[in-house]
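As provided, protein.txt (compact mmCIF, C-alpha atoms) reads as follows.
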# COMPACT_ATOMS: atom_id res chain seq x y z
CA MET A 1 67.91 159.78 96.86
CA THR A 2 67.98 159.89 93.05
CA GLU A 3 66.28 162.88 91.41
CA ILE A 4 65.30 163.50 87.79
CA LEU A 5 63.77 166.74 86.53
CA ILE A 6 61.69 166.80 83.36
CA GLN A 7 62.17 170.46 82.57
CA ASN A 8 60.18 173.00 80.60
CA ALA A 9 57.74 170.69 78.83
CA ASP A 10 55.50 172.48 76.35
CA THR A 11 52.46 170.82 77.92
CA VAL A 12 51.87 168.60 80.96
CA LEU A 13 48.56 166.74 81.03
CA THR A 14 48.34 165.92 84.73
CA MET A 15 45.12 163.84 84.87
CA ASP A 16 44.93 164.95 88.51
CA ASP A 17 41.58 165.54 90.22
CA ALA A 18 41.31 168.99 88.62
CA ARG A 19 42.48 167.63 85.21
CA ARG A 20 45.01 170.47 85.02
CA VAL A 21 46.80 171.19 81.75
CA LEU A 22 50.05 173.05 82.41
CA ARG A 23 52.15 174.96 79.86
CA GLY A 24 55.92 175.37 80.15
CA ALA A 25 55.97 173.11 83.21
CA ASP A 26 58.34 170.73 85.00
CA VAL A 27 57.90 167.34 86.67
CA LEU A 28 60.28 166.37 89.48
CA ILE A 29 60.92 162.69 90.21
CA ARG A 30 62.47 161.65 93.52
CA GLY A 31 63.06 158.02 94.45
CA GLY A 32 60.45 156.62 92.08
CA VAL A 33 57.74 159.06 93.17
CA ILE A 34 56.55 162.37 91.72
CA ALA A 35 57.86 165.07 94.04
CA GLY A 36 56.57 168.14 92.22
CA VAL A 37 54.65 169.39 89.18
CA GLY A 38 54.80 173.06 88.19
CA GLN A 39 56.98 175.85 86.85
CA GLY A 40 60.53 176.65 87.87
CA LEU A 41 61.35 173.44 89.75
CA GLN A 42 64.99 172.79 90.62
CA THR A 43 67.15 169.69 91.09
CA SER A 44 70.74 168.68 91.78
CA GLY A 45 70.08 165.46 89.83
CA ASP A 46 69.65 164.65 86.16
CA VAL A 47 67.67 166.89 83.81
CA VAL A 48 65.59 165.66 80.87
CA SER A 49 64.44 168.36 78.46
CA GLY A 50 60.70 168.54 77.85
CA ARG A 51 60.99 171.24 75.21
CA GLY A 52 58.81 170.47 72.21
CA CYS A 53 57.12 167.66 74.11
CA VAL A 54 53.84 166.74 75.79
CA VAL A 55 54.15 164.92 79.12
CA THR A 56 51.42 162.54 80.26
CA PRO A 57 51.01 159.82 82.84
CA GLY A 58 52.10 156.44 81.50
CA LEU A 59 49.32 154.64 79.68
CA VAL A 60 47.65 151.67 81.39
CA ASN A 61 46.68 148.40 79.67
CA THR A 62 43.85 146.62 81.45
CA HIS A 63 43.54 143.51 79.24
CA HIS A 64 46.04 141.45 77.26
CA HIS A 65 47.03 137.89 76.39
CA LEU A 66 50.77 138.31 75.96
CA TYR A 67 51.40 134.73 74.82
CA GLN A 68 49.45 135.45 71.62
CA ASN A 69 52.32 137.54 70.22
CA LEU A 70 53.55 134.33 68.60
CA THR A 71 50.31 133.84 66.65
CA ARG A 72 49.63 137.11 64.88
CA ALA A 73 47.77 137.10 61.57
CA VAL A 74 47.30 133.30 61.49
CA PRO A 75 45.55 132.72 58.13
CA GLY A 76 42.78 130.47 59.47
CA GLY A 77 41.80 133.03 62.08
CA GLN A 78 42.15 136.28 60.15
CA ASP A 79 38.49 136.52 59.14
CA ALA A 80 36.76 134.41 61.79
CA LEU A 81 34.33 135.39 64.53
CA LEU A 82 35.35 134.82 68.14
CA PHE A 83 34.42 131.15 68.58
CA GLY A 84 35.79 130.08 65.18
CA TRP A 85 38.92 132.15 65.79
CA LEU A 86 39.48 130.33 69.10
CA GLN A 87 38.98 126.91 67.53
CA THR A 88 41.61 127.76 64.90
CA LEU A 89 44.20 128.85 67.45
CA TYR A 90 43.71 126.45 70.38
CA PRO A 91 45.65 123.61 68.65
CA ILE A 92 48.60 125.93 68.02
CA TRP A 93 48.63 127.26 71.57
CA SER A 94 48.61 123.71 72.91
CA ARG A 95 52.18 123.38 71.59
CA PHE A 96 53.48 126.28 73.71
CA GLY A 97 55.79 125.82 76.69
CA PRO A 98 57.69 128.03 79.16
CA ASP A 99 60.02 129.50 76.50
CA GLU A 100 57.09 130.59 74.33
CA MET A 101 55.36 132.19 77.31
CA PHE A 102 58.49 134.02 78.45
CA ILE A 103 59.67 135.34 75.07
CA SER A 104 56.20 136.36 73.91
CA ALA A 105 55.65 138.26 77.17
CA GLN A 106 58.98 140.06 76.84
CA LEU A 107 58.23 141.16 73.29
CA GLY A 108 54.62 142.09 74.04
CA LEU A 109 55.61 144.25 77.00
CA ALA A 110 58.41 145.88 75.01
CA GLU A 111 55.90 146.74 72.29
CA LEU A 112 53.54 148.21 74.87
CA ALA A 113 56.33 150.28 76.40
CA LEU A 114 57.15 151.81 73.02
CA SER A 115 53.51 152.93 72.77
CA GLY A 116 53.73 154.73 76.14
CA CYS A 117 52.49 151.98 78.47
CA THR A 118 53.91 151.79 82.00
CA LEU A 119 51.42 149.40 83.66
CA SER A 120 49.95 146.31 82.03
CA SER A 121 47.70 143.51 83.12
CA ASP A 122 47.85 140.10 81.47
CA HIS A 123 45.29 137.30 81.31
CA LEU A 124 47.08 133.94 80.99
CA TYR A 125 44.47 131.19 81.01
CA LEU A 126 46.29 128.21 79.48
CA TYR A 127 49.35 126.39 80.82
CA PRO A 128 50.51 123.71 78.36
CA ASN A 129 53.71 121.71 78.68
CA GLY A 130 54.88 123.01 82.04
CA SER A 131 54.08 126.71 81.50
CA ARG A 132 53.49 128.76 84.65
CA LEU A 133 52.35 132.28 85.45
CA GLU A 134 55.82 133.26 86.61
CA ASP A 135 57.12 132.84 83.06
CA THR A 136 55.38 136.15 82.33
CA ILE A 137 56.24 137.73 85.70
CA HIS A 138 59.96 137.20 85.09
CA ALA A 139 59.57 138.70 81.61
CA ALA A 140 57.96 141.84 83.04
CA ARG A 141 60.81 142.24 85.52
CA ASP A 142 63.29 142.13 82.65
CA VAL A 143 61.43 144.74 80.60
CA GLY A 144 60.78 146.93 83.65
CA LEU A 145 57.03 147.51 83.35
CA ARG A 146 54.65 147.57 86.28
CA PHE A 147 52.69 144.33 85.98
CA HIS A 148 49.31 142.92 86.97
CA PRO A 149 49.31 139.27 85.82
CA THR A 150 46.19 137.19 86.37
CA ARG A 151 46.07 133.45 86.93
CA GLY A 152 43.48 132.43 84.37
CA ALA A 153 42.05 128.96 83.80
CA MET A 154 39.90 126.74 81.60
CA SER A 155 38.27 123.62 83.03
CA ILE A 156 35.53 122.59 80.57
CA GLY A 157 36.92 120.94 77.44
CA GLU A 158 35.31 119.72 74.24
CA SER A 159 34.38 116.36 75.72
CA ASP A 160 32.25 118.15 78.34
CA GLY A 161 30.61 120.52 75.86
CA GLY A 162 33.14 123.33 76.18
CA LEU A 163 35.04 125.17 73.47
CA PRO A 164 38.74 124.46 74.26
CA PRO A 165 40.37 121.08 73.49
CA ASP A 166 40.71 118.77 76.47
CA SER A 167 44.51 119.14 76.31
CA LEU A 168 44.22 122.79 77.41
CA VAL A 169 41.89 122.40 80.39
CA GLU A 170 42.88 121.75 84.01
CA ASP A 171 41.38 120.07 87.04
CA GLU A 172 39.54 122.67 89.12
CA ARG A 173 41.14 121.67 92.41
CA ALA A 174 44.57 122.02 90.82
CA ILE A 175 43.57 125.43 89.43
CA LEU A 176 42.58 126.73 92.86
CA ASP A 177 45.75 125.32 94.45
CA ASP A 178 47.91 127.08 91.87
CA MET A 179 45.98 130.31 92.33
CA ILE A 180 46.89 130.19 96.01
CA ARG A 181 50.52 129.42 95.14
CA VAL A 182 51.02 132.35 92.75
CA VAL A 183 49.26 134.86 94.98
CA ASP A 184 51.35 133.83 97.98
CA ALA A 185 54.57 133.88 95.95
CA PHE A 186 54.20 136.99 93.79
CA HIS A 187 51.40 139.33 94.89
CA ASP A 188 52.61 142.56 96.47
CA PRO A 189 49.71 144.68 97.78
CA SER A 190 51.85 147.63 98.89
CA GLU A 191 51.59 151.09 97.38
CA GLY A 192 54.03 151.38 94.49
CA SER A 193 54.00 147.61 93.96
CA MET A 194 55.58 146.42 90.72
CA CYS A 195 53.56 143.19 90.68
CA ARG A 196 50.02 142.41 91.80
CA VAL A 197 48.36 139.12 90.96
CA GLY A 198 44.68 138.65 90.09
CA LEU A 199 42.46 135.57 89.65
CA ALA A 200 40.87 135.15 86.24
CA PRO A 201 38.88 132.10 85.10
CA CYS A 202 38.86 132.56 81.34
CA SER A 203 35.16 133.01 80.61
CA PRO A 204 31.73 131.73 81.61
CA PHE A 205 31.84 129.26 78.69
CA SER A 206 35.18 127.65 79.61
CA VAL A 207 34.84 127.07 83.37
CA SER A 208 32.14 125.78 85.68
CA ARG A 209 29.78 127.81 87.82
CA GLU A 210 31.52 126.31 90.86
CA LEU A 211 34.96 127.51 89.78
CA MET A 212 33.66 131.02 89.13
CA ARG A 213 32.18 131.13 92.63
CA ASP A 214 35.20 129.52 94.32
CA ALA A 215 37.60 131.90 92.58
CA ALA A 216 35.57 134.88 93.82
CA LEU A 217 35.63 133.56 97.38
CA LEU A 218 39.36 132.90 97.17
CA ALA A 219 40.08 136.35 95.75
CA ARG A 220 38.23 138.05 98.60
CA ASP A 221 40.05 135.87 101.14
CA LYS A 222 43.41 136.80 99.62
CA GLY A 223 42.57 140.45 98.97
CA VAL A 224 43.24 140.27 95.21
CA MET A 225 41.21 141.33 92.17
CA LEU A 226 39.05 139.27 89.81
CA HIS A 227 39.01 139.35 86.01
CA THR A 228 37.29 137.51 83.14
CA HIS A 229 35.75 137.99 79.69
CA LEU A 230 32.10 139.03 79.63
CA ALA A 231 29.43 139.91 77.07
CA GLU A 232 31.95 140.10 74.24
CA ASN A 233 29.63 139.44 71.29
CA ASP A 234 26.23 138.07 70.28
CA GLU A 235 27.46 134.46 70.56
CA ASP A 236 28.46 135.18 74.15
CA ILE A 237 24.98 136.47 75.01
CA ALA A 238 23.28 133.54 73.31
CA TYR A 239 25.47 131.05 75.19
CA SER A 240 24.70 132.70 78.54
CA GLU A 241 20.95 132.75 77.95
CA ALA A 242 20.90 129.14 76.69
CA ASN A 243 23.12 127.66 79.41
CA PHE A 244 22.52 129.87 82.44
CA GLY A 245 19.03 131.20 81.75
CA CYS A 246 20.13 134.80 82.16
CA ARG A 247 22.28 137.53 80.65
CA PRO A 248 26.03 137.71 81.46
CA GLY A 249 25.66 140.58 83.91
CA GLN A 250 23.10 138.68 85.96
CA TYR A 251 25.30 135.58 85.92
CA ALA A 252 28.25 137.63 87.16
CA GLU A 253 26.21 139.17 89.95
CA GLU A 254 24.87 135.78 91.12
CA LEU A 255 28.39 134.37 91.45
CA GLY A 256 29.95 137.34 93.27
CA TRP A 257 31.60 138.82 90.20
CA THR A 258 30.65 142.46 90.72
CA GLY A 259 32.33 145.08 92.89
CA ASP A 260 35.27 147.46 92.83
CA ASP A 261 37.66 144.49 93.01
CA VAL A 262 36.35 143.08 89.69
CA TRP A 263 36.94 144.10 86.10
CA HIS A 264 35.52 142.44 82.99
CA ALA A 265 37.00 142.48 79.50
CA HIS A 266 35.01 143.73 76.48
CA CYS A 267 31.40 144.13 77.69
CA VAL A 268 30.41 145.03 74.13
CA LYS A 269 26.87 143.77 74.60
CA LEU A 270 25.97 145.07 78.06
CA ASP A 271 22.39 146.34 78.17
CA ALA A 272 21.09 149.30 80.18
CA GLN A 273 20.34 147.19 83.27
CA GLU A 274 23.81 145.67 83.25
CA ILE A 275 25.41 149.09 82.85
CA ASP A 276 23.42 150.29 85.86
CA LEU A 277 24.55 147.23 87.84
CA PHE A 278 28.20 147.89 87.02
CA ALA A 279 27.84 151.57 87.91
CA ARG A 280 26.18 150.84 91.27
CA THR A 281 28.78 148.22 92.21
CA ARG A 282 31.78 150.08 90.70
CA THR A 283 32.60 147.03 88.58
CA GLY A 284 35.29 147.88 86.04
CA VAL A 285 35.41 147.35 82.28
CA ALA A 286 38.45 146.78 80.04
CA HIS A 287 37.43 148.26 76.69
CA CYS A 288 39.29 146.69 73.74
CA PRO A 289 38.13 148.62 70.66
CA CYS A 290 40.62 147.32 68.08
CA SER A 291 40.02 143.67 68.97
CA ASN A 292 36.27 144.24 68.98
CA CYS A 293 36.56 145.64 65.44
CA ARG A 294 38.96 142.90 64.29
CA LEU A 295 36.57 140.12 65.42
CA GLY A 296 33.42 141.97 64.35
CA SER A 297 32.08 141.94 67.90
CA GLY A 298 30.59 145.43 67.83
CA ILE A 299 31.02 148.80 69.49
CA ALA A 300 30.98 148.74 73.30
CA PRO A 301 28.62 151.34 74.86
CA VAL A 302 31.48 153.26 76.46
CA ARG A 303 29.70 156.61 76.34
CA ALA A 304 26.75 155.18 78.23
CA MET A 305 29.08 153.41 80.68
CA ARG A 306 31.07 156.57 81.42
CA ASP A 307 27.93 158.68 81.80
CA ALA A 308 26.50 156.14 84.25
CA GLY A 309 29.72 156.06 86.30
CA VAL A 310 31.15 152.69 85.28
CA PRO A 311 34.98 152.63 85.67
CA VAL A 312 36.42 152.11 82.17
CA GLY A 313 40.00 151.47 81.08
CA LEU A 314 41.57 150.39 77.80
CA GLY A 315 42.99 147.04 76.76
CA VAL A 316 44.87 146.02 73.63
CA ASP A 317 43.63 142.42 74.05
CA GLY A 318 45.70 139.56 72.69
CA SER A 319 47.95 140.08 69.71
CA ALA A 320 46.14 137.31 67.85
CA SER A 321 42.88 139.29 67.91
CA ASN A 322 44.39 142.76 67.55
CA ASP A 323 47.68 141.94 65.83
CA MET A 324 49.25 145.02 67.43
CA ALA A 325 49.84 146.17 70.98
CA SER A 326 49.74 149.96 70.85
CA LEU A 327 47.84 151.67 73.63
CA SER A 328 48.07 155.05 71.91
CA ALA A 329 46.40 153.53 68.84
CA GLU A 330 43.82 151.88 71.11
CA ALA A 331 42.94 155.21 72.71
CA ARG A 332 42.43 156.83 69.30
CA GLN A 333 40.24 153.93 68.19
CA ALA A 334 38.14 154.20 71.34
CA MET A 335 37.54 157.88 70.63
CA LEU A 336 36.65 157.28 66.98
CA LEU A 337 34.24 154.42 67.66
CA GLN A 338 32.25 156.44 70.19
CA ARG A 339 31.99 159.20 67.58
CA VAL A 340 30.78 156.69 64.97
CA ALA A 341 28.13 155.43 67.38
CA ASN A 342 27.09 158.69 69.04
CA GLY A 343 28.29 161.68 67.02
CA ALA A 344 31.47 163.74 66.61
CA ASP A 345 31.11 165.34 70.04
CA ALA A 346 30.69 162.01 71.87
CA MET A 347 34.29 161.74 73.06
CA SER A 348 37.17 164.21 72.98
CA ALA A 349 40.83 163.34 72.52
CA TYR A 350 41.43 164.46 76.10
CA GLU A 351 38.74 162.15 77.52
CA ALA A 352 40.08 159.17 75.56
CA LEU A 353 43.56 159.86 76.94
CA GLU A 354 42.09 160.09 80.44
CA ILE A 355 40.55 156.62 79.97
CA ALA A 356 43.96 155.35 78.81
CA THR A 357 45.75 156.69 81.92
CA ARG A 358 43.81 157.49 85.06
CA GLY A 359 40.84 155.39 83.94
CA GLY A 360 42.89 152.24 83.50
CA ALA A 361 44.76 152.75 86.76
CA ASP A 362 41.48 153.04 88.65
CA VAL A 363 40.09 149.89 87.00
CA LEU A 364 43.17 147.97 88.20
CA GLY A 365 42.84 149.35 91.72
CA ARG A 366 45.94 151.55 91.34
CA PRO A 367 45.07 155.11 92.40
CA ASP A 368 48.81 155.53 93.02
CA CYS A 369 49.28 155.47 89.23
CA GLY A 370 47.76 157.22 86.22
CA ARG A 371 48.20 160.81 87.47
CA LEU A 372 50.98 163.36 87.52
CA GLU A 373 50.80 164.83 91.00
CA PRO A 374 53.01 164.79 94.10
CA GLY A 375 52.99 161.47 95.93
CA LYS A 376 51.96 159.38 92.94
CA ARG A 377 54.29 156.89 91.26
CA ALA A 378 56.69 158.28 88.68
CA ASP A 379 55.22 156.48 85.66
CA ILE A 380 55.60 159.11 82.95
CA ALA A 381 55.43 159.25 79.14
CA ILE A 382 57.09 162.02 77.13
CA TRP A 383 55.85 162.56 73.57
CA ASP A 384 57.86 164.57 71.04
CA THR A 385 55.43 166.76 69.08
CA ARG A 386 58.03 168.24 66.72
CA GLY A 387 57.80 165.39 64.21
CA VAL A 388 55.76 164.86 61.09
CA ALA A 389 52.79 163.32 62.97
CA SER A 390 52.13 166.62 64.81
CA SER A 391 53.16 168.98 62.04
CA GLY A 392 50.50 171.64 61.52
CA SER A 393 48.59 170.77 64.69
CA TRP A 394 47.05 173.75 66.47
CA ASP A 395 46.75 171.77 69.70
CA ALA A 396 49.77 169.56 70.31
CA ALA A 397 48.18 168.25 73.51
CA ALA A 398 45.40 166.64 71.46
CA LEU A 399 47.79 163.76 70.82
CA LEU A 400 45.13 161.33 69.65
CA LEU A 401 44.03 163.62 66.83
CA ALA A 402 47.48 164.56 65.54
CA GLY A 403 50.49 163.24 67.39
CA PRO A 404 53.12 160.55 67.72
CA THR A 405 52.13 156.96 68.45
CA ARG A 406 55.60 156.03 69.70
CA VAL A 407 56.89 157.55 72.92
CA LYS A 408 60.18 159.47 73.12
CA HIS A 409 60.99 158.81 76.78
CA LEU A 410 59.27 156.54 79.30
CA PHE A 411 59.77 156.27 83.06
CA VAL A 412 58.43 153.50 85.32
CA GLU A 413 58.90 154.03 89.06
CA GLY A 414 61.39 156.73 88.07
CA ARG A 415 63.51 154.34 85.99
CA GLN A 416 63.96 155.25 82.33
CA ILE A 417 62.66 152.34 80.24
CA ILE A 418 62.59 154.17 76.89
CA ARG A 419 65.23 156.74 75.98
CA GLY A 420 65.08 158.55 72.66
CA GLY A 421 62.50 156.08 71.36
CA GLU A 422 64.63 153.01 72.18
CA LEU A 423 64.21 150.35 74.86
CA THR A 424 66.94 150.57 77.51
CA THR A 425 66.36 147.33 79.41
CA LEU A 426 66.69 144.66 76.69
CA GLU A 427 68.37 144.30 73.31
CA LEU A 428 65.26 144.56 71.19
CA PRO A 429 66.78 143.30 67.88
CA ARG A 430 68.02 140.16 69.62
CA LEU A 431 64.64 139.65 71.28
CA ILE A 432 62.85 140.03 67.93
CA GLU A 433 65.20 137.44 66.41
CA ARG A 434 64.51 134.91 69.19
CA HIS A 435 60.79 135.58 68.96
CA GLY A 436 60.85 135.07 65.18
CA LYS A 437 62.58 131.69 65.51
CA LEU A 438 59.91 130.48 67.93
CA ALA A 439 57.15 131.70 65.62
CA HIS A 440 58.65 129.86 62.64
CA LYS A 441 58.95 126.70 64.71
CA LEU A 442 55.24 126.91 65.52
CA MET A 443 54.36 127.48 61.86
CA GLU A 444 56.24 124.36 60.88
CA GLY A 445 54.20 122.34 63.37
What do you get writing this file as structure tokens?
Amino acid sequence: MTEILIQNADTVLTMDDARRVLRGADVLIRGGVIAGVGQGLQTSGDVVSGRGCVVTPGLVNTHHHLYQNLTRAVPGGQDALLFGWLQTLYPIWSRFGPDEMFISAQLGLAELALSGCTLSSDHLYLYPNGSRLEDTIHAARDVGLRFHPTRGAMSIGESDGGLPPDSLVEDERAILDDMIRVVDAFHDPSEGSMCRVGLAPCSPFSVSRELMRDAALLARDKGVMLHTHLAENDEDIAYSEANFGCRPGQYAEELGWTGDDVWHAHCVKLDAQEIDLFARTRTGVAHCPCSNCRLGSGIAPVRAMRDAGVPVGLGVDGSASNDMASLSAEARQAMLLQRVANGADAMSAYEALEIATRGGADVLGRPDCGRLEPGKRADIAIWDTRGVASSGSWDAAALLLAGPTRVKHLFVEGRQIIRGGELTTLELPRLIERHGKLAHKLMEG
């Protein structure tokens, strides 16, 4: 069985139950699993030096729209609020097909890997011109990241009072049939799984009440997780109150969308009662601070959520509403925003990193990930703290205050995906070139 020893790291942030921080420590990988964490470990296999480095669990991304990598910084959407931003981009996205979905997913996952991400979810809710969920699943296999794709959907178009154009919505019976197909074909519930599939109607304002309820019933029948957008901004709250007669949290509860098998993206506008509901039911939240800033949605009450016991992870959100996909940058932004809202002592760099690792893994139902301890999956990020970004730092382990944003080495299931800051699984320059050609084609209409 293959062994790799990460030897003599300056610091190992374990994120285990005791939140141990080890100095001058080793991490032993055996067959894709962590076999040991401590000092003086030995191996007959390969050795990777950890000298001058901080070792952490791989970061976990709990919300993304990978296809959006082809529509970054679109002029008409750069300064728009959420609904106007969507209306600008829907016509462009309607021209996508399988190639756009595949290439954008490859590049988005490669970008995430370079920022230290080992496990990413994705919310794909539109399927124009023959696109299918497996376009992204095949891309993740090529890059080598652990993947949690979700079969999203939109069923209420403009002609029925919805936001998306009719060309991007689907028949609800066909949506449910395809949800069954992708779960049966690609979902692997086993420990250490590289691919788990979730069900994810896009949002309460783009699908019917019936589809939300049916998707929840189907997910429980299949034993998979549920995901959607919720309470993202003031427009979202106003829509819910006007159309459903209640706040988003109440709507979610009525339709079976609470529980430890559910996570909601954003939740910027949850009130105290909704936070209590999510805490009691262990409903997860994907916090997307950069996107929330970019769209002017507000500051999510993460401090209040964490204090109440709500499971919280981080998401980069789509690259058309963030324009970058860096989980390390996302973690720093999460920390800073809670300090802006609640004071300089509201969130430490260590807590923000915990949310980005163990927190995200727990939100996605992956307690086998997000920790460095024996028996957990060997998803490991190694950060070189000898560069200019950490120069002068008195606490190299406080990576989010003064540290690199690009990982030096990255392992997923014990396989080295990043070596010396470079992707090992794909030719990144060639991928960027192909991605650029598709983007230019879209710009030309």
Practice problem: Find the residues around Asp317 of chain A up to 7 Å (only C-alpha atoms counted), leave out those fewer than 4 positions away in its own chain, and share them as a list in words. | Solution: His63, His64, His65, Cys288, Ser291, Ser321 and Asn322 of chain A
Those residues you just picked out, can you put them in a file as a short mmCIF file (atom, residue, chain, number, x, y, z; two decimals), in the coordinates of the input with C-alpha atoms?
data_model
loop_
_atom_site.label_atom_id
_atom_site.label_comp_id
_atom_site.auth_asym_id
_atom_site.auth_seq_id
_atom_site.Cartn_x
_atom_site.Cartn_y
_atom_site.Cartn_z
CA HIS A 63 43.54 143.51 79.24
CA HIS A 64 46.04 141.45 77.26
CA HIS A 65 47.03 137.89 76.39
CA CYS A 288 39.29 146.69 73.74
CA SER A 291 40.02 143.67 68.97
CA SER A 321 42.88 139.29 67.91
CA ASN A 322 44.39 142.76 67.55
#
Self-check item: Of the listed residues A:Asp323, A:Asp221, A:Glu433, A:Asp379, that which approaches Arg294 of chain A most closely, counting all atoms listed in the file
Solution: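 Closest to Arg294 of chain A of all the choices is A:Asp323.
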Self-check item: Near-segment 28-36 of chain A list (12 Å; only C-alpha atoms; drop same-chain fewer than 6 positions) as a PyMOL selection string
Solution: chain A and resi 1-9+14+42-50+57+191-194+368-380+411-416
Exercise. Would you please work out which residue, of A:His229, A:His409, A:Arg247, A:Arg181, is nearest to Leu82 of chain A when using all atoms listed in the file?
Key: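 When distances to Leu82 of chain A are compared using all atoms listed in the file, the smallest one comes from A:His229.
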Quiz item: Which is closer to His227 of chain A than all the others in A:Pro248, A:Pro204, A:Gly256, A:Gly152, using only C-alpha atoms?
Solution: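 Nearest to His227 of chain A: A:Gly152.
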Using all atoms listed in the file, I'd like a table of the residues in segment 53-85 of chain A that come within 12 Å of segment 398-401 of chain A; for each, show the closest atom pair and its distance in Å rounded to one decimal, ordered by chain and ascending number, as a tab-separated table.
residue	atom	partner	partner_atom	distance
A:Cys53	CA	A:Leu399	CA	10.6
A:Val54	CA	A:Leu399	CA	8.4
A:Val55	CA	A:Leu399	CA	10.5
A:Thr56	CA	A:Leu399	CA	10.2
Emit the selected residues as a PDB file, in the frame of the given file, including C-alpha atoms.
ATOM      1  CA  CYS A  53      57.120 167.660  74.110  1.00  0.00           C
ATOM      2  CA  VAL A  54      53.840 166.740  75.790  1.00  0.00           C
ATOM      3  CA  VAL A  55      54.150 164.920  79.120  1.00  0.00           C
ATOM      4  CA  THR A  56      51.420 162.540  80.260  1.00  0.00           C
TER       5      THR A  56
END
